[in-house]
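Inspection log for the structure reproduced underneath, given as C-alpha cells.
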Amino acid sequence: MKLAIRSIRNSSLGVASLALFVSTAAASSPDGGAPAAAPSPIAVTILASSPDTARGLIFLTPTAGGGNAPAPSPTSPNATQIVDGQGRPVWFNQLPSGESAYDLRVQRFHGEPVITWIQSQGAFSTGPTTDYIADRHYHVIATVNAGHGLIADIHEFFLTREGTALITIYNTVTRDLSSVGGPTSGLVTEGVVQEIDVSNGNVLFEWHSLDHVGLDESHAPLPTTAGTAWDYFHLNAVNTDDDGNLIIDARNTWTAYRLERHTGKVLWRLGGKKTDFELGPNVAFAWQHNPTAVDDHGLVRIFDNEAAPQVLPYSRVIWVRHDDRRKTATLERWLKHPDGLSAGSQGNAQGLDNGDTFVGWGAVPRFSEFDRNNNLLFDGALPTGYNSYRAYRHEWVGEPDTRPTVIAQRSTDGGTSIQVSWNGATEVARWEVVDEGHVVASAPWNGLETTISTDAFVRSVVVIAKDREGRDIGRSVRTEVSP
C-alpha cells in the first residue's frame with residue numbers, strides 16, 4: 001500500500017510535527033552509527049499478570065499532569081508508547097513540548113493494519129489537532145484534520161470500512177440559555193461529528209448536537225462565571241453500530257445516542273433524562289465513555305465512570321442489551337476493579353478476540369485485563385502524575401526500516417559492553433554480537449534497550465537481530481568500541 005502524505009490543513013503543526021516519527025529512544029546518526037542522548041520511555045509497572053492473558057502489546061498515550069495528580073515535573077514528557085506484557089517498552093516517541101497524544105491503537109485502513117492516534121496542542125478543540133495514520137514501518141501515510149474551518153477534538157479518531165474517518169469537534173456558540181436558568185446571550189459548547197474522506201479531506205457528513213439534543217438533557221451545572229462557555233454535551237465517542245449507523249456518546253447528558261448515518265436523525269437515546277428505553281435494574285449510568293456495539297443483537301459495552309461528581313463509589317464496565325421493539329434495556333454483565341477504582345474522567349473498555357476485556361481507567365493511571373468471568377488477569381500502572389486517555393491491547397507487527405542502533409564501550413575489566421536498540425521492532429527475539437564473522441556474545445531481547453556484555457576484547461561490532469525462528473531480520477552498521 002502506497003499513499004502520499006497529505007499536507008496538514010487547517011493547522012499550524014507544519015513539518016516540525018513529523019519529527020516525532022524519528023526514533024527518539026535511540027536516535028541514531030544519519031549513517032546508523034552511535035546514537036545521541038535521548039529521553040527515556042515512561043516507566044510502566046506491572047502489578048498483576050497471568051499466562052492466560054490475550055496475545056498482544058499494550059498501547060498507551062502517557063500524558064503528564066492529567067487525572068488526579070500534578071505532573072511529576074514541569075518537563076515531564078508526553079508520549080505515544082507501546083509496551084509488552086512485562087511493561088518493557090517496544091516503541092516510544094516523545095512529543096514536542098506543549099503537545100499531547102490520545103487514543104493510540106491499531107485500526108485497519110484499506111485492509112491493512114495501521115496505528116492511529118490524535119495529537120494536539122490543546123484539548124477540546126482549543127489548539128491545532130491532527131489525527132495520524134502510520135504503517136507498520138512507522139511512516140505516516142495519511143493525516144486527518146477537521147473541515148469547514150473547525151478544529152478537531154482529542155476524543156475520537158475512528159476509521160470506517162469505507163476509508164473514511166469519524167472525528168469529534170467542540171464548537172462554542174452564543175445561545176439563549178434562559179430556558180435552563182442561564183443568560184439570554186450565553187455561551188454553550190456543542191458536540192460536532194464529522195465524517196471525512198481520508199484520501200482528500202472532504203467532509204462527507206456533519207452533525208451538530210444543538211440541532212438534535214436540547215439543553216434540558218444536560219446534567220452539567222451552568223457556569224457561575226460570566227463569559228464561561230457551558231459544556232452542556234461533552235461529546236467523547238463516535239463509532240459505527242452493527243448496521244453502519246453511528247453510536248455517539250455525551251458524558252454530560254449521561255446518554256448514548258444512535259444516529260442515522262446519512263441524515264443525522266437520532267434513532268434512539270440510551271440513558272439520560274429522555275431515554276427511549278425502560279432501564280432495568282442497575283442499567284443507569286453516569287458521566288460515561290466509549291459505548292461500543294458488541295454484537296448485532298443490541299448488546300452495547302460502556303465504560304461507566306460514575307464520577308466527577310461521584311454517583312457510585314467506583315467506576316465500572318457494563319454490558320447493556322437494548323430491545324428496540326420492546327423498548328427495554330437490561331444489564332447482562334458488569335465488572336469493577338478489585339481496588340474499586342473511580343475514574344473522574346476518560347476511560348475505555350475493549351473487547352478482545354479471546355473473550356477478555358481490556359480496560360483503560362482514564363484519569364486513574366491504570367490499565368487491566370479481565371476474563372469472561374470478570375477475573376482480573378492483568379494490571380498495569382503508569383507513574384503517579386500520568387494518565388492515558390484510553391488503553392488497548394492489540395496484536396501488532398512493527399517493522400521499522402531503520403537499522404538497530406548500538407553503543408559499544410570498553411568495560412573496566414577489559415571486556416565490552418554493548419547497548420542495542422531498535423525502536424518499534426516487535427519481532428526481535430534475540431541479539432547476536434558479531435566481530436569479524438564470529439559471534440562473541442548474544443542475549444534475548446529485553447525491551448527497547450538491551451545491554452549485552454562479553455569478556456571478549458573487540459575493537460568494533462555488528463549487532464544482528466534474530467526473530468523467533470532464528471532468522472536475521474536486521475543488523476546494525478559496524479560500530480567502534482569506545483575506550
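If you're wondering about the labels, chains in the C-alpha cells are A, B, ... by order shown, residues count from 1 in each chain, ligands from 1 in order shown.
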
ask   = Contacts of stretch 169-186 of chain A at 9 Å or less, counting only C-alpha atoms, minus same-chain residues fewer than 5 places along, as a list in words?
value = Phe124, Ser125, Thr126, Ala146, Leu150, Ile151, Ala152, Asp153, Ile154, His155, Gly191, Val192, Val193, Gln194, His208, Leu215, Asp216, Leu222, Pro223, Ala226, Gly227, Thr228, Ala229, Trp230, Asp231, His234 and Leu235 of chain A

inquiry  = With only C-alpha atoms as the counted atoms, please give the residues lying no more than 10 Å from A:Ala43, apart from itself and same-chain residues fewer than 5 positions off, as a ChimeraX atom specification.
reply    = /A:62,83,87-89,381-383

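Closest approach to A:Gly347 among A:Ile58, A:Val462, A:Leu95, A:Ala391 is made by A:Ala391 (distances from only C-alpha atoms).
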
inquiry  = Applying 9 Å and only C-alpha atoms, which residues near A:Ile82 remain after dropping the ones on its own chain fewer than 2 positions away? List them as a list of chain:residue names.
reply    = A:Leu57, A:Ile58, A:Phe59, A:Leu60, A:Thr61, A:Thr80, A:Asp84, A:Gly87, A:Arg88, A:Pro89, A:Val90, A:Trp91, A:Phe92, A:Leu104, A:Gly424

query = In Å, how far is it from atom CA of A:His394 to atom CA of A:Val198?
reply =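 If I compute the distance from atom CA of A:His394 to atom CA of A:Val198, I get 23.0 Å.
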
request  = Mind the document's chain letters and residue numbers, and return as a VMD selection string the residues of stretch 156-302 of chain A that DSSP labels strand (DSSP E).
outcome  = chain A and resid 156 to 159 164 to 175 186 to 197 203 to 208 235 to 240 246 to 250 255 to 259 266 to 270 278 to 279 289 to 293 299 to 302

Next, write the just-selected residues to a file, as a PDB file, in the first residue's frame, keeping C-alpha atoms as the atom set.
ATOM      1  CA  GLU A 156     -12.121  10.197  18.866  1.00  0.00           C
ATOM      2  CA  PHE A 157     -10.450   9.142  15.625  1.00  0.00           C
ATOM      3  CA  PHE A 158     -12.318   6.135  14.224  1.00  0.00           C
ATOM      4  CA  LEU A 159     -11.568   4.626  10.809  1.00  0.00           C
ATOM      5  CA  THR A 164     -13.390   7.449   5.990  1.00  0.00           C
ATOM      6  CA  ALA A 165     -12.688   8.815   9.459  1.00  0.00           C
ATOM      7  CA  LEU A 166     -15.124   9.794  12.200  1.00  0.00           C
ATOM      8  CA  ILE A 167     -13.880  12.596  14.442  1.00  0.00           C
ATOM      9  CA  THR A 168     -15.214  14.764  17.252  1.00  0.00           C
ATOM     10  CA  ILE A 169     -15.227  18.571  17.484  1.00  0.00           C
ATOM     11  CA  TYR A 170     -16.161  21.037  20.231  1.00  0.00           C
ATOM     12  CA  ASN A 171     -17.824  24.192  18.909  1.00  0.00           C
ATOM     13  CA  THR A 172     -18.723  27.151  21.141  1.00  0.00           C
ATOM     14  CA  VAL A 173     -21.614  29.367  20.037  1.00  0.00           C
ATOM     15  CA  THR A 174     -23.923  32.007  21.516  1.00  0.00           C
ATOM     16  CA  ARG A 175     -27.381  30.822  22.585  1.00  0.00           C
ATOM     17  CA  GLY A 186     -24.789  32.882  26.858  1.00  0.00           C
ATOM     18  CA  LEU A 187     -22.021  30.709  25.520  1.00  0.00           C
ATOM     19  CA  VAL A 188     -22.595  26.985  25.050  1.00  0.00           C
ATOM     20  CA  THR A 189     -20.277  24.309  23.681  1.00  0.00           C
ATOM     21  CA  GLU A 190     -21.908  21.785  21.385  1.00  0.00           C
ATOM     22  CA  GLY A 191     -20.577  18.492  20.097  1.00  0.00           C
ATOM     23  CA  VAL A 192     -19.924  18.132  16.368  1.00  0.00           C
ATOM     24  CA  VAL A 193     -19.307  14.889  14.483  1.00  0.00           C
ATOM     25  CA  GLN A 194     -17.635  14.916  11.087  1.00  0.00           C
ATOM     26  CA  GLU A 195     -17.076  12.022   8.701  1.00  0.00           C
ATOM     27  CA  ILE A 196     -14.114  12.795   6.473  1.00  0.00           C
ATOM     28  CA  ASP A 197     -12.796  11.161   3.316  1.00  0.00           C
ATOM     29  CA  VAL A 203     -16.311  16.432   4.817  1.00  0.00           C
ATOM     30  CA  LEU A 204     -18.951  13.852   3.895  1.00  0.00           C
ATOM     31  CA  PHE A 205     -21.217  14.226   6.948  1.00  0.00           C
ATOM     32  CA  GLU A 206     -21.548  16.764   9.741  1.00  0.00           C
ATOM     33  CA  TRP A 207     -23.782  16.608  12.802  1.00  0.00           C
ATOM     34  CA  HIS A 208     -24.321  19.297  15.481  1.00  0.00           C
ATOM     35  CA  LEU A 235     -19.111  14.566  23.141  1.00  0.00           C
ATOM     36  CA  ASN A 236     -16.486  11.870  23.783  1.00  0.00           C
ATOM     37  CA  ALA A 237     -17.027   8.979  21.357  1.00  0.00           C
ATOM     38  CA  VAL A 238     -18.290   8.118  17.899  1.00  0.00           C
ATOM     39  CA  ASN A 239     -18.145   4.772  16.111  1.00  0.00           C
ATOM     40  CA  THR A 240     -20.301   2.605  13.883  1.00  0.00           C
ATOM     41  CA  LEU A 246     -23.439   5.783  14.337  1.00  0.00           C
ATOM     42  CA  ILE A 247     -23.240   5.478  18.094  1.00  0.00           C
ATOM     43  CA  ILE A 248     -22.098   8.658  19.814  1.00  0.00           C
ATOM     44  CA  ASP A 249     -21.678   9.392  23.489  1.00  0.00           C
ATOM     45  CA  ALA A 250     -22.270  12.524  25.541  1.00  0.00           C
ATOM     46  CA  THR A 255     -26.696   9.338  27.189  1.00  0.00           C
ATOM     47  CA  ALA A 256     -25.548   7.210  24.264  1.00  0.00           C
ATOM     48  CA  TYR A 257     -27.244   8.199  21.006  1.00  0.00           C
ATOM     49  CA  ARG A 258     -27.762   6.171  17.850  1.00  0.00           C
ATOM     50  CA  LEU A 259     -27.719   8.342  14.718  1.00  0.00           C
ATOM     51  CA  VAL A 266     -31.464  10.483  16.422  1.00  0.00           C
ATOM     52  CA  LEU A 267     -32.832   6.931  16.206  1.00  0.00           C
ATOM     53  CA  TRP A 268     -32.740   6.332  19.947  1.00  0.00           C
ATOM     54  CA  ARG A 269     -31.396   7.552  23.273  1.00  0.00           C
ATOM     55  CA  LEU A 270     -29.993   5.047  25.751  1.00  0.00           C
ATOM     56  CA  GLU A 278     -37.135   1.398  30.085  1.00  0.00           C
ATOM     57  CA  LEU A 279     -33.926   0.834  32.035  1.00  0.00           C
ATOM     58  CA  HIS A 289     -17.359   6.979  27.942  1.00  0.00           C
ATOM     59  CA  ASN A 290     -16.800   4.692  24.952  1.00  0.00           C
ATOM     60  CA  PRO A 291     -20.132   2.937  24.199  1.00  0.00           C
ATOM     61  CA  THR A 292     -19.418   0.234  21.615  1.00  0.00           C
ATOM     62  CA  ALA A 293     -21.710  -2.222  19.846  1.00  0.00           C
ATOM     63  CA  LEU A 299     -25.568  -5.503  23.121  1.00  0.00           C
ATOM     64  CA  VAL A 300     -23.547  -2.383  23.959  1.00  0.00           C
ATOM     65  CA  ARG A 301     -20.447  -2.196  26.190  1.00  0.00           C
ATOM     66  CA  ILE A 302     -19.925   1.067  28.119  1.00  0.00           C
TER      67      ILE A 302
END

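Candidate residues A:Thr330, A:Ser417, A:Asn93, A:Asn305 were compared for distance to A:Pro281, and the nearest is A:Thr330, using only C-alpha atoms.
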
key: 12 Å contact set for A:Arg325, only C-alpha atoms, chain neighbours under 2 positions out, as a PyMOL selection string   = chain A and resi 268+276-278+297-298+322-323+327-329

Dump N, CA and C atoms for the selected residues as a tab-separated table (two decimals), in the first residue's frame?
chain	number	residue	atom	x	y	z
A	268	TRP	N	-32.37	6.59	18.57
A	268	TRP	CA	-32.74	6.33	19.95
A	268	TRP	C	-31.75	6.96	20.91
A	276	ASP	N	-35.08	6.42	25.51
A	276	ASP	CA	-36.16	5.75	24.78
A	276	ASP	C	-36.41	4.34	25.28
A	277	PHE	N	-35.63	3.92	26.26
A	277	PHE	CA	-35.76	2.56	26.77
A	277	PHE	C	-36.11	2.59	28.26
A	278	GLU	N	-36.92	1.62	28.66
A	278	GLU	CA	-37.14	1.40	30.08
A	278	GLU	C	-35.89	0.69	30.62
A	297	HIS	N	-27.20	-7.89	17.99
A	297	HIS	CA	-28.45	-8.17	18.69
A	297	HIS	C	-28.68	-7.20	19.85
A	298	GLY	N	-28.11	-6.00	19.72
A	298	GLY	CA	-28.44	-4.95	20.68
A	298	GLY	C	-27.59	-4.90	21.93
A	322	HIS	N	-30.17	-3.75	24.61
A	322	HIS	CA	-31.36	-2.94	24.33
A	322	HIS	C	-32.24	-3.67	23.32
A	323	ASP	N	-33.52	-3.73	23.62
A	323	ASP	CA	-34.51	-4.34	22.74
A	323	ASP	C	-35.26	-3.20	22.07
A	327	LYS	N	-38.50	-1.76	23.62
A	327	LYS	CA	-38.01	-0.54	24.26
A	327	LYS	C	-37.58	-0.80	25.70
A	328	THR	N	-36.82	-1.87	25.89
A	328	THR	CA	-36.28	-2.18	27.21
A	328	THR	C	-34.76	-2.27	27.10
A	329	ALA	N	-34.10	-2.04	28.21
A	329	ALA	CA	-32.65	-2.18	28.29
A	329	ALA	C	-32.32	-2.90	29.58

message = Give me, as a ChimeraX atom specification, all polymer residues having an atom no more than 7 Å from A:Ser442, counting only C-alpha atoms and skipping those fewer than 4 positions away in the same chain.
response = /A:431-433,452

task = Find the residue from A:Gly344, A:Lys336, A:Tyr138, A:Gly122 that sits nearest to A:Ala425; use only C-alpha atoms when measuring.
result =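 Going through A:Gly344, A:Lys336, A:Tyr138, A:Gly122 one by one, the smallest distance to A:Ala425 is for A:Tyr138.
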
ask   = Separation of atom CA of A:Asp353 and atom CA of A:Leu335, in Å?
value = 18.3 Å

inquiry  = With only C-alpha atoms as the counted atoms, please give the residues lying no more than 8 Å from A:Ala456, apart from itself and same-chain residues fewer than 5 positions off, as a list in words.
reply    =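 Near A:Ala456, the qualifying residues are Gly414, Gly415, Thr416 and Val440 of chain A.
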
task = Using only C-alpha atoms, pick whichever of A:Ala465, A:Leu210, A:Leu331, A:Leu448 has the shortest atom-to-atom distance to A:Ala429.
result =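 Closest residue, counting only C-alpha atoms: A:Ala465.
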
request  = Write out as a ChimeraX atom specification each polymer residue whose atoms come within 6 Å of A:Tyr132, counting only C-alpha atoms; drop sequence neighbours fewer than 6 positions from it.
outcome  = /A:116-117,143

key: Using only C-alpha atoms: which of A:Asp131, A:Asn375, A:Lys273, A:Asp467 has the shortest distance to A:Tyr102   = A:Asp131
